[in-house]
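Shown below: my_file_39.cif, with mmCIF, C-alpha atoms, pLDDT in the B column; chains and numbers go by the auth columns.
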data_work
#
loop_
_atom_site.group_PDB
_atom_site.id
_atom_site.type_symbol
_atom_site.label_atom_id
_atom_site.label_comp_id
_atom_site.label_asym_id
_atom_site.label_seq_id
_atom_site.Cartn_x
_atom_site.Cartn_y
_atom_site.Cartn_z
_atom_site.B_iso_or_equiv
_atom_site.auth_seq_id
_atom_site.auth_asym_id
ATOM 1 C CA ASP A 1 -24.337 -48.821 19.661 95.00 1 A
ATOM 2 C CA LYS A 2 -27.165 -48.587 17.172 96.00 2 A
ATOM 3 C CA TRP A 3 -30.944 -48.777 17.316 97.00 3 A
ATOM 4 C CA GLU A 4 -31.926 -52.431 16.884 94.00 4 A
ATOM 5 C CA ASP A 5 -35.704 -52.497 17.109 94.00 5 A
ATOM 6 C CA CYS A 6 -38.669 -50.160 17.555 95.00 6 A
ATOM 7 C CA GLY A 7 -42.458 -50.060 17.701 94.00 7 A
ATOM 8 C CA ALA A 8 -44.419 -50.029 14.437 93.00 8 A
ATOM 9 C CA LYS A 9 -45.157 -46.291 14.669 94.00 9 A
ATOM 10 C CA LEU A 10 -41.469 -45.375 14.889 96.00 10 A
ATOM 11 C CA ASN A 11 -38.876 -45.300 12.156 96.00 11 A
ATOM 12 C CA ILE A 12 -35.152 -46.151 12.481 97.00 12 A
ATOM 13 C CA GLU A 13 -32.932 -44.337 10.003 95.00 13 A
ATOM 14 C CA LYS A 14 -29.166 -44.773 10.546 94.00 14 A
ATOM 15 C CA SER A 15 -28.528 -43.392 14.067 97.00 15 A
ATOM 16 C CA SER A 16 -31.934 -41.684 14.455 97.00 16 A
ATOM 17 C CA ILE A 17 -35.421 -42.678 15.481 97.00 17 A
ATOM 18 C CA SER A 18 -38.469 -40.627 14.572 97.00 18 A
ATOM 19 C CA SER A 19 -42.249 -40.688 14.814 95.00 19 A
ATOM 20 C CA LYS A 20 -44.649 -39.941 11.985 86.00 20 A
ATOM 21 C CA THR A 21 -47.932 -39.811 13.907 87.00 21 A
ATOM 22 C CA SER A 22 -49.116 -39.194 17.461 85.00 22 A
ATOM 23 C CA ILE A 23 -48.911 -42.370 19.542 88.00 23 A
ATOM 24 C CA LYS A 24 -51.406 -42.616 22.404 83.00 24 A
ATOM 25 C CA ASP A 25 -49.302 -44.766 24.753 85.00 25 A
ATOM 26 C CA GLY A 26 -45.961 -44.158 23.061 92.00 26 A
ATOM 27 C CA ASN A 27 -43.693 -46.538 21.170 95.00 27 A
ATOM 28 C CA SER A 28 -40.203 -47.524 22.311 97.00 28 A
ATOM 29 C CA ALA A 29 -36.914 -48.194 20.559 97.00 29 A
ATOM 30 C CA PHE A 30 -33.978 -50.187 21.928 97.00 30 A
ATOM 31 C CA GLY A 31 -30.257 -50.283 21.282 97.00 31 A
ATOM 32 C CA LYS A 32 -28.406 -53.421 20.231 95.00 32 A
ATOM 33 C CA ILE A 33 -25.602 -53.565 22.825 95.00 33 A
ATOM 34 C CA VAL A 34 -26.387 -55.365 26.094 95.00 34 A
ATOM 35 C CA ILE A 35 -24.773 -53.996 29.272 95.00 35 A
ATOM 36 C CA LYS A 36 -24.314 -56.600 32.004 92.00 36 A
ATOM 37 C CA ASN A 37 -22.803 -56.817 35.494 89.00 37 A
ATOM 38 C CA LYS A 38 -19.769 -54.646 36.245 90.00 38 A
ATOM 39 C CA MET A 39 -19.911 -52.913 32.837 94.00 39 A
ATOM 40 C CA LYS A 40 -20.382 -49.175 32.327 96.00 40 A
ATOM 41 C CA ALA A 41 -21.862 -47.377 29.326 98.00 41 A
ATOM 42 C CA LYS A 42 -22.500 -43.813 28.230 98.00 42 A
ATOM 43 C CA TRP A 43 -24.841 -42.941 25.382 98.00 43 A
ATOM 44 C CA ASP A 44 -24.963 -39.399 23.959 98.00 44 A
ATOM 45 C CA ILE A 45 -28.292 -38.470 22.406 98.00 45 A
ATOM 46 C CA THR A 46 -29.304 -35.267 20.617 98.00 46 A
ATOM 47 C CA MET A 47 -32.933 -34.173 20.684 98.00 47 A
ATOM 48 C CA LYS A 48 -33.733 -33.147 17.113 97.00 48 A
ATOM 49 C CA GLN A 49 -37.495 -32.490 17.377 96.00 49 A
ATOM 50 C CA GLY A 50 -39.980 -32.554 20.238 93.00 50 A
ATOM 51 C CA ASP A 51 -39.828 -32.750 24.037 92.00 51 A
ATOM 52 C CA ASN A 52 -42.369 -35.402 25.125 92.00 52 A
ATOM 53 C CA ILE A 53 -39.607 -37.998 24.868 96.00 53 A
ATOM 54 C CA GLY A 54 -38.224 -40.444 27.412 97.00 54 A
ATOM 55 C CA VAL A 55 -34.644 -41.726 27.292 98.00 55 A
ATOM 56 C CA GLY A 56 -32.879 -44.220 29.531 98.00 56 A
ATOM 57 C CA VAL A 57 -32.368 -47.955 29.804 98.00 57 A
ATOM 58 C CA CYS A 58 -34.492 -51.075 30.014 97.00 58 A
ATOM 59 C CA ASN A 59 -33.599 -54.449 31.509 96.00 59 A
ATOM 60 C CA VAL A 60 -34.518 -56.645 28.537 93.00 60 A
ATOM 61 C CA SER A 61 -33.787 -60.175 29.776 85.00 61 A
ATOM 62 C CA GLY A 62 -34.254 -62.809 27.074 83.00 62 A
ATOM 63 C CA GLY A 63 -33.896 -60.362 24.174 81.00 63 A
ATOM 64 C CA LEU A 64 -36.479 -58.409 22.200 84.00 64 A
ATOM 65 C CA LYS A 65 -38.077 -61.424 20.512 84.00 65 A
ATOM 66 C CA THR A 66 -39.903 -62.797 23.584 85.00 66 A
ATOM 67 C CA ASN A 67 -43.622 -61.971 23.737 84.00 67 A
ATOM 68 C CA LYS A 68 -43.247 -59.941 26.938 82.00 68 A
ATOM 69 C CA ASN A 69 -40.422 -57.864 25.504 86.00 69 A
ATOM 70 C CA LYS A 70 -42.118 -57.403 22.109 87.00 70 A
ATOM 71 C CA LYS A 71 -44.929 -55.638 24.002 89.00 71 A
ATOM 72 C CA LEU A 72 -42.384 -53.073 25.231 91.00 72 A
ATOM 73 C CA LEU A 73 -42.094 -51.765 21.663 94.00 73 A
ATOM 74 C CA THR A 74 -45.762 -50.724 21.560 93.00 74 A
ATOM 75 C CA LYS A 75 -45.745 -48.583 24.718 95.00 75 A
ATOM 76 C CA SER A 76 -43.386 -46.306 26.607 95.00 76 A
ATOM 77 C CA PHE A 77 -40.627 -48.462 28.130 96.00 77 A
ATOM 78 C CA THR A 78 -40.937 -46.324 31.299 96.00 78 A
ATOM 79 C CA THR A 79 -44.335 -47.879 32.089 95.00 79 A
ATOM 80 C CA ASP A 80 -42.589 -51.237 32.617 94.00 80 A
ATOM 81 C CA MET A 81 -41.028 -52.145 35.990 94.00 81 A
ATOM 82 C CA MET A 82 -37.746 -52.849 34.147 95.00 82 A
ATOM 83 C CA GLY A 83 -37.731 -49.482 32.334 97.00 83 A
ATOM 84 C CA TYR A 84 -35.817 -46.522 33.775 98.00 84 A
ATOM 85 C CA GLY A 85 -36.350 -43.206 31.985 98.00 85 A
ATOM 86 C CA TYR A 86 -35.757 -39.444 32.072 98.00 86 A
ATOM 87 C CA MET A 87 -38.650 -37.476 30.587 97.00 87 A
ATOM 88 C CA GLY A 88 -38.038 -34.378 28.480 97.00 88 A
ATOM 89 C CA ASN A 89 -41.326 -32.549 28.948 95.00 89 A
ATOM 90 C CA THR A 90 -41.188 -32.682 32.771 97.00 90 A
ATOM 91 C CA GLY A 91 -37.555 -33.352 33.730 98.00 91 A
ATOM 92 C CA ALA A 92 -38.881 -36.176 35.941 98.00 92 A
ATOM 93 C CA THR A 93 -37.813 -39.807 36.054 98.00 93 A
ATOM 94 C CA GLN A 94 -40.246 -42.619 35.390 97.00 94 A
ATOM 95 C CA LYS A 95 -40.117 -46.345 36.215 97.00 95 A
ATOM 96 C CA GLY A 96 -43.084 -48.693 36.162 95.00 96 A
ATOM 97 C CA GLY A 97 -45.275 -45.680 35.387 93.00 97 A
ATOM 98 C CA LYS A 98 -44.274 -43.955 38.658 96.00 98 A
ATOM 99 C CA VAL A 99 -43.045 -40.395 38.185 97.00 99 A
ATOM 100 C CA LYS A 100 -40.457 -38.713 40.454 97.00 100 A
ATOM 101 C CA LYS A 101 -39.157 -35.133 40.377 98.00 101 A
ATOM 102 C CA TYR A 102 -35.553 -35.228 39.137 98.00 102 A
ATOM 103 C CA GLY A 103 -33.847 -32.650 36.906 98.00 103 A
ATOM 104 C CA GLU A 104 -34.228 -30.005 34.217 98.00 104 A
ATOM 105 C CA LYS A 105 -36.591 -30.419 31.253 98.00 105 A
ATOM 106 C CA PHE A 106 -35.061 -31.078 27.832 97.00 106 A
ATOM 107 C CA LYS A 107 -36.233 -30.155 24.360 96.00 107 A
ATOM 108 C CA SER A 108 -35.251 -29.959 20.716 96.00 108 A
ATOM 109 C CA GLY A 109 -31.561 -29.034 20.342 97.00 109 A
ATOM 110 C CA ASP A 110 -30.527 -30.381 23.753 98.00 110 A
ATOM 111 C CA LYS A 111 -27.950 -33.106 24.314 98.00 111 A
ATOM 112 C CA VAL A 112 -28.639 -35.809 26.917 98.00 112 A
ATOM 113 C CA SER A 113 -26.058 -38.332 28.102 98.00 113 A
ATOM 114 C CA ILE A 114 -27.244 -41.532 29.751 98.00 114 A
ATOM 115 C CA ILE A 115 -24.712 -43.121 32.113 98.00 115 A
ATOM 116 C CA LEU A 116 -25.351 -46.686 33.231 98.00 116 A
ATOM 117 C CA ASP A 117 -22.802 -47.943 35.776 97.00 117 A
ATOM 118 C CA MET A 118 -23.467 -51.585 36.639 96.00 118 A
ATOM 119 C CA ASN A 119 -20.442 -51.594 38.960 94.00 119 A
ATOM 120 C CA ALA A 120 -22.181 -48.962 41.130 96.00 120 A
ATOM 121 C CA LYS A 121 -25.625 -50.246 39.998 97.00 121 A
ATOM 122 C CA SER A 122 -26.700 -46.689 39.145 98.00 122 A
ATOM 123 C CA LEU A 123 -28.173 -44.685 36.293 98.00 123 A
ATOM 124 C CA SER A 124 -27.586 -40.969 35.860 98.00 124 A
ATOM 125 C CA PHE A 125 -28.121 -38.336 33.197 98.00 125 A
ATOM 126 C CA ILE A 126 -26.234 -35.274 31.932 98.00 126 A
ATOM 127 C CA LEU A 127 -28.127 -32.469 30.167 98.00 127 A
ATOM 128 C CA ASN A 128 -26.054 -30.139 27.959 98.00 128 A
ATOM 129 C CA GLY A 129 -22.951 -30.883 30.070 98.00 129 A
ATOM 130 C CA ASP A 130 -24.705 -30.396 33.453 98.00 130 A
ATOM 131 C CA ASP A 131 -24.806 -33.531 35.595 98.00 131 A
ATOM 132 C CA GLN A 132 -28.389 -34.041 36.763 98.00 132 A
ATOM 133 C CA GLY A 133 -27.220 -36.510 39.451 98.00 133 A
ATOM 134 C CA VAL A 134 -28.055 -40.161 40.105 98.00 134 A
ATOM 135 C CA ALA A 135 -31.609 -40.895 38.956 98.00 135 A
ATOM 136 C CA PHE A 136 -31.805 -44.567 39.956 98.00 136 A
ATOM 137 C CA LYS A 137 -29.752 -46.586 42.495 97.00 137 A
ATOM 138 C CA ASN A 138 -29.519 -50.290 43.363 97.00 138 A
ATOM 139 C CA LEU A 139 -30.379 -51.467 39.854 97.00 139 A
ATOM 140 C CA PRO A 140 -30.917 -55.243 39.748 96.00 140 A
ATOM 141 C CA SER A 141 -28.535 -57.368 37.665 94.00 141 A
ATOM 142 C CA GLY A 142 -29.707 -57.968 34.124 94.00 142 A
ATOM 143 C CA ASP A 143 -29.336 -57.291 30.404 95.00 143 A
ATOM 144 C CA TYR A 144 -29.701 -53.535 29.987 97.00 144 A
ATOM 145 C CA ARG A 145 -30.127 -51.775 26.671 97.00 145 A
ATOM 146 C CA LEU A 146 -30.419 -48.168 25.619 98.00 146 A
ATOM 147 C CA ALA A 147 -34.109 -47.232 25.399 98.00 147 A
ATOM 148 C CA ALA A 148 -36.158 -44.312 24.095 98.00 148 A
ATOM 149 C CA ALA A 149 -39.898 -43.607 24.022 97.00 149 A
ATOM 150 C CA LEU A 150 -41.555 -41.205 21.587 96.00 150 A
ATOM 151 C CA CYS A 151 -45.213 -40.240 22.016 91.00 151 A
ATOM 152 C CA GLU A 152 -46.002 -37.402 19.629 92.00 152 A
ATOM 153 C CA LYS A 153 -46.032 -36.623 15.941 92.00 153 A
ATOM 154 C CA LEU A 154 -42.786 -35.585 14.214 93.00 154 A
ATOM 155 C CA GLN A 155 -40.384 -36.316 17.066 96.00 155 A
ATOM 156 C CA LYS A 156 -36.797 -37.242 16.345 97.00 156 A
ATOM 157 C CA ILE A 157 -33.675 -38.125 18.340 98.00 157 A
ATOM 158 C CA THR A 158 -30.178 -39.124 17.221 98.00 158 A
ATOM 159 C CA LEU A 159 -27.671 -41.384 18.977 98.00 159 A
ATOM 160 C CA SER A 160 -24.393 -39.556 18.413 97.00 160 A
ATOM 161 C CA LYS A 161 -21.854 -41.508 20.495 97.00 161 A
ATOM 162 C CA THR A 162 -21.546 -44.619 22.654 97.00 162 A
ATOM 163 C CA THR A 163 -18.747 -45.375 25.129 97.00 163 A
ATOM 164 C CA ILE A 164 -18.479 -48.781 26.847 96.00 164 A
ATOM 165 C CA TRP A 165 -16.156 -49.703 29.702 90.00 165 A
ATOM 166 C CA ASP A 166 -15.647 -53.373 30.548 77.00 166 A
ATOM 167 C CA ALA A 167 -15.683 -54.816 34.030 61.00 167 A
ATOM 168 C CA LYS A 168 -12.868 -53.613 36.266 58.00 168 A
#
Could you render the structure from this file as structure tokens?
Amino acid sequence: DKWEDCGAKLNIEKSSISSKTSIKDGNSAFGKIVIKNKMKAKWDITMKQGDNIGVGVCNVSGGLKTNKNKKLLTKSFTTDMMGYGYMGNTGATQKGGKVKKYGEKFKSGDKVSIILDMNAKSLSFILNGDDQGVAFKNLPSGDYRLAAALCEKLQKITLSKTTIWDAK
């Protein structure tokens, strides 16, 4: 996978996204590959700088060019009802702006794996090799993409590896 699009206050450079300034409501970036029914994907992300970062997936039906989905770029994807994220500074999950206690916090230097299993309709995360468990269950069908939200100055993350399994 690779980063396809991001908010105006973020910068895509090869496999990394970074922020130059503080961003009040956050800006989001999305991957290019769409994961649909019965598919499974794993994205490995390295936190290069910062901890107030959300990573996960977003159900982006209709692509990133629709007006509704364009708005996702200018806020944290986790404030949307179709955004499912794991937050570094708290270790909580967030969907539709609702925060739930979940796992360990992550910070600069940590490696987070995002595992989306549309066969099981679940999303889980691994932090530095430790499975944090299932974060979200009963995900609705849709067009899911890798998503990240950066909110502060000088944050940076790198997508290091993507693994996709087709429908069984």
Report, in Å with one decimal, the straight-line distance from atom CA of A:Ala149 to atom CA of A:Asn27.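 Answer for the atom CA of A:Ala149 to atom CA of A:Asn27 separation: 5.6 Å.
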Target residues per the PyMOL selection byres ((chain A and resi 15-17) around 12), formatted as a ChimeraX atom specification: /A:1-14,18-20,27-32,43-49,53,55,147-150,154-162
Point out the residue among A:Val99, A:Leu72, A:Met118, A:Val112 with the least atom-to-atom distance to A:Trp165, counting all atoms listed in the file.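 Result for the nearest residue to A:Trp165: A:Met118.
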Might I get the box with edges along x, y and z of the file that holds all atoms of stretch 92-105 of chain A listed there, padded by 3 Å on every side, given as centre and edge lengths in Å to one decimal, as AutoDock Vina command-line options?
--center_x -39.6 --center_y -39.3 --center_z 35.9 --size_x 17.4 --size_y 24.7 --size_z 15.2
Apply the PyMOL selection byres ((chain A and resi 166) around 10) to the structure shown and report the selected residues as a list in words.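 Checked against the file, the PyMOL selection byres ((chain A and resi 166) around 10) matches Ile35, Lys36, Asn37, Lys38, Met39, Lys40, Ala41, Asn119, Ile164, Trp165, Ala167 and Lys168 of chain A.
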Since I can't run it myself right now, could you work out what the PyMOL selection byres ((chain A and resi 91) around 8) selects here and report it as a PDB file with C-alpha atoms, in the coordinates of the input?
ATOM      1  CA  TYR A  86     -35.757 -39.444  32.072  1.00 98.00           C
ATOM      2  CA  MET A  87     -38.650 -37.476  30.587  1.00 97.00           C
ATOM      3  CA  GLY A  88     -38.038 -34.378  28.480  1.00 97.00           C
ATOM      4  CA  ASN A  89     -41.326 -32.549  28.948  1.00 95.00           C
ATOM      5  CA  THR A  90     -41.188 -32.682  32.771  1.00 97.00           C
ATOM      6  CA  ALA A  92     -38.881 -36.176  35.941  1.00 98.00           C
ATOM      7  CA  THR A  93     -37.813 -39.807  36.054  1.00 98.00           C
ATOM      8  CA  LYS A 101     -39.157 -35.133  40.377  1.00 98.00           C
ATOM      9  CA  TYR A 102     -35.553 -35.228  39.137  1.00 98.00           C
ATOM     10  CA  GLY A 103     -33.847 -32.650  36.906  1.00 98.00           C
ATOM     11  CA  GLU A 104     -34.228 -30.005  34.217  1.00 98.00           C
ATOM     12  CA  LYS A 105     -36.591 -30.419  31.253  1.00 98.00           C
ATOM     13  CA  PHE A 106     -35.061 -31.078  27.832  1.00 97.00           C
TER      14      PHE A 106
END
For each of A:Asn59, A:Thr66, A:Thr21, A:Ser113, take the minimum atom-to-atom distance to A:Asp80, counting all atoms listed in the file, then give the residue where this is smallest.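 Closest to A:Asp80 of all the choices is A:Asn59.
The gap separating atom CA of A:Val34 from atom CA of A:Leu146 is 8.3 Å, in Å to one decimal.
Each of A:Gln94, A:Asn138, A:Gln132, A:Ser108 was checked against A:Asp51 using all atoms listed in the file; the smallest atom-to-atom distance is that of A:Ser108.
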Among the residues A:Thr74, A:Leu127, A:Gly26, A:Asn67, the one that comes closest to A:Glu152 [using all atoms listed in the file]: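 Among the listed residues, A:Gly26 lies closest to A:Glu152.
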Output stretch 10-34 of chain A from the block with N, CA, C and O atoms, as a PDB file, in the first residue's frame?
ATOM      1  N   LEU A  10      -0.678  18.210   6.082  1.00  0.00           N
ATOM      2  CA  LEU A  10       0.201  17.041   6.142  1.00  0.00           C
ATOM      3  C   LEU A  10       0.998  16.951   4.847  1.00  0.00           C
ATOM      4  O   LEU A  10       0.631  17.522   3.830  1.00  0.00           O
ATOM      5  N   ASN A  11       2.067  16.187   4.913  1.00  0.00           N
ATOM      6  CA  ASN A  11       2.957  16.034   3.779  1.00  0.00           C
ATOM      7  C   ASN A  11       3.205  14.543   3.547  1.00  0.00           C
ATOM      8  O   ASN A  11       3.544  13.828   4.498  1.00  0.00           O
ATOM      9  N   ILE A  12       3.022  14.064   2.313  1.00  0.00           N
ATOM     10  CA  ILE A  12       3.343  12.671   1.978  1.00  0.00           C
ATOM     11  C   ILE A  12       4.701  12.674   1.293  1.00  0.00           C
ATOM     12  O   ILE A  12       4.909  13.406   0.335  1.00  0.00           O
ATOM     13  N   GLU A  13       5.613  11.870   1.810  1.00  0.00           N
ATOM     14  CA  GLU A  13       6.933  11.736   1.205  1.00  0.00           C
ATOM     15  C   GLU A  13       7.296  10.261   1.182  1.00  0.00           C
ATOM     16  O   GLU A  13       7.532   9.668   2.225  1.00  0.00           O
ATOM     17  N   LYS A  14       7.249   9.647   0.006  1.00  0.00           N
ATOM     18  CA  LYS A  14       7.448   8.202  -0.177  1.00  0.00           C
ATOM     19  C   LYS A  14       6.473   7.445   0.728  1.00  0.00           C
ATOM     20  O   LYS A  14       5.279   7.569   0.558  1.00  0.00           O
ATOM     21  N   SER A  15       6.987   6.694   1.718  1.00  0.00           N
ATOM     22  CA  SER A  15       6.096   5.883   2.562  1.00  0.00           C
ATOM     23  C   SER A  15       5.755   6.570   3.890  1.00  0.00           C
ATOM     24  O   SER A  15       5.176   5.957   4.775  1.00  0.00           O
ATOM     25  N   SER A  16       6.104   7.849   4.022  1.00  0.00           N
ATOM     26  CA  SER A  16       5.869   8.564   5.287  1.00  0.00           C
ATOM     27  C   SER A  16       4.854   9.686   5.142  1.00  0.00           C
ATOM     28  O   SER A  16       4.696  10.252   4.065  1.00  0.00           O
ATOM     29  N   ILE A  17       4.216   9.999   6.271  1.00  0.00           N
ATOM     30  CA  ILE A  17       3.425  11.230   6.342  1.00  0.00           C
ATOM     31  C   ILE A  17       3.937  12.005   7.541  1.00  0.00           C
ATOM     32  O   ILE A  17       4.320  11.419   8.558  1.00  0.00           O
ATOM     33  N   SER A  18       3.939  13.335   7.402  1.00  0.00           N
ATOM     34  CA  SER A  18       4.434  14.177   8.492  1.00  0.00           C
ATOM     35  C   SER A  18       3.620  15.455   8.560  1.00  0.00           C
ATOM     36  O   SER A  18       2.933  15.829   7.616  1.00  0.00           O
ATOM     37  N   SER A  19       3.728  16.115   9.726  1.00  0.00           N
ATOM     38  CA  SER A  19       3.046  17.395   9.931  1.00  0.00           C
ATOM     39  C   SER A  19       4.100  18.463  10.146  1.00  0.00           C
ATOM     40  O   SER A  19       5.141  18.209  10.745  1.00  0.00           O
ATOM     41  N   LYS A  20       3.804  19.666   9.649  1.00  0.00           N
ATOM     42  CA  LYS A  20       4.747  20.773   9.813  1.00  0.00           C
ATOM     43  C   LYS A  20       4.317  21.700  10.958  1.00  0.00           C
ATOM     44  O   LYS A  20       5.130  22.263  11.642  1.00  0.00           O
ATOM     45  N   THR A  21       2.995  21.824  11.127  1.00  0.00           N
ATOM     46  CA  THR A  21       2.471  22.751  12.136  1.00  0.00           C
ATOM     47  C   THR A  21       1.479  22.017  13.034  1.00  0.00           C
ATOM     48  O   THR A  21       1.052  20.908  12.716  1.00  0.00           O
ATOM     49  N   SER A  22       1.095  22.637  14.131  1.00  0.00           N
ATOM     50  CA  SER A  22       0.032  22.080  14.967  1.00  0.00           C
ATOM     51  C   SER A  22      -1.280  22.204  14.204  1.00  0.00           C
ATOM     52  O   SER A  22      -1.495  23.173  13.486  1.00  0.00           O
ATOM     53  N   ILE A  23      -2.151  21.220  14.372  1.00  0.00           N
ATOM     54  CA  ILE A  23      -3.407  21.174  13.623  1.00  0.00           C
ATOM     55  C   ILE A  23      -4.531  20.995  14.638  1.00  0.00           C
ATOM     56  O   ILE A  23      -4.649  19.932  15.247  1.00  0.00           O
ATOM     57  N   LYS A  24      -5.317  22.038  14.833  1.00  0.00           N
ATOM     58  CA  LYS A  24      -6.335  22.049  15.891  1.00  0.00           C
ATOM     59  C   LYS A  24      -7.184  20.772  15.909  1.00  0.00           C
ATOM     60  O   LYS A  24      -7.260  20.096  16.917  1.00  0.00           O
ATOM     61  N   ASP A  25      -7.822  20.435  14.812  1.00  0.00           N
ATOM     62  CA  ASP A  25      -8.703  19.265  14.791  1.00  0.00           C
ATOM     63  C   ASP A  25      -8.060  18.057  14.109  1.00  0.00           C
ATOM     64  O   ASP A  25      -8.728  17.067  13.845  1.00  0.00           O
ATOM     65  N   GLY A  26      -6.778  18.160  13.806  1.00  0.00           N
ATOM     66  CA  GLY A  26      -6.091  17.070  13.132  1.00  0.00           C
ATOM     67  C   GLY A  26      -6.321  17.091  11.629  1.00  0.00           C
ATOM     68  O   GLY A  26      -7.235  17.742  11.135  1.00  0.00           O
ATOM     69  N   ASN A  27      -5.452  16.413  10.917  1.00  0.00           N
ATOM     70  CA  ASN A  27      -5.611  16.147   9.484  1.00  0.00           C
ATOM     71  C   ASN A  27      -5.404  14.647   9.322  1.00  0.00           C
ATOM     72  O   ASN A  27      -4.646  14.037  10.081  1.00  0.00           O
ATOM     73  N   SER A  28      -6.069  14.059   8.336  1.00  0.00           N
ATOM     74  CA  SER A  28      -5.953  12.619   8.110  1.00  0.00           C
ATOM     75  C   SER A  28      -5.293  12.318   6.776  1.00  0.00           C
ATOM     76  O   SER A  28      -5.311  13.136   5.857  1.00  0.00           O
ATOM     77  N   ALA A  29      -4.725  11.126   6.704  1.00  0.00           N
ATOM     78  CA  ALA A  29      -4.144  10.598   5.469  1.00  0.00           C
ATOM     79  C   ALA A  29      -4.721   9.207   5.252  1.00  0.00           C
ATOM     80  O   ALA A  29      -5.024   8.493   6.223  1.00  0.00           O
ATOM     81  N   PHE A  30      -4.869   8.817   3.984  1.00  0.00           N
ATOM     82  CA  PHE A  30      -5.470   7.530   3.655  1.00  0.00           C
ATOM     83  C   PHE A  30      -4.610   6.758   2.669  1.00  0.00           C
ATOM     84  O   PHE A  30      -3.982   7.336   1.786  1.00  0.00           O
ATOM     85  N   GLY A  31      -4.624   5.438   2.822  1.00  0.00           N
ATOM     86  CA  GLY A  31      -3.921   4.565   1.897  1.00  0.00           C
ATOM     87  C   GLY A  31      -4.706   4.410   0.603  1.00  0.00           C
ATOM     88  O   GLY A  31      -5.875   4.792   0.508  1.00  0.00           O
ATOM     89  N   LYS A  32      -4.064   3.830  -0.385  1.00  0.00           N
ATOM     90  CA  LYS A  32      -4.647   3.675  -1.717  1.00  0.00           C
ATOM     91  C   LYS A  32      -5.485   2.390  -1.844  1.00  0.00           C
ATOM     92  O   LYS A  32      -6.525   2.387  -2.470  1.00  0.00           O
ATOM     93  N   ILE A  33      -5.011   1.307  -1.252  1.00  0.00           N
ATOM     94  CA  ILE A  33      -5.667   0.004  -1.415  1.00  0.00           C
ATOM     95  C   ILE A  33      -6.993  -0.036  -0.653  1.00  0.00           C
ATOM     96  O   ILE A  33      -7.075   0.394   0.493  1.00  0.00           O
ATOM     97  N   VAL A  34      -8.021  -0.555  -1.321  1.00  0.00           N
ATOM     98  CA  VAL A  34      -9.350  -0.696  -0.714  1.00  0.00           C
ATOM     99  C   VAL A  34      -9.541  -2.158  -0.312  1.00  0.00           C
ATOM    100  O   VAL A  34      -9.356  -3.064  -1.120  1.00  0.00           O
TER     101      VAL A  34
END
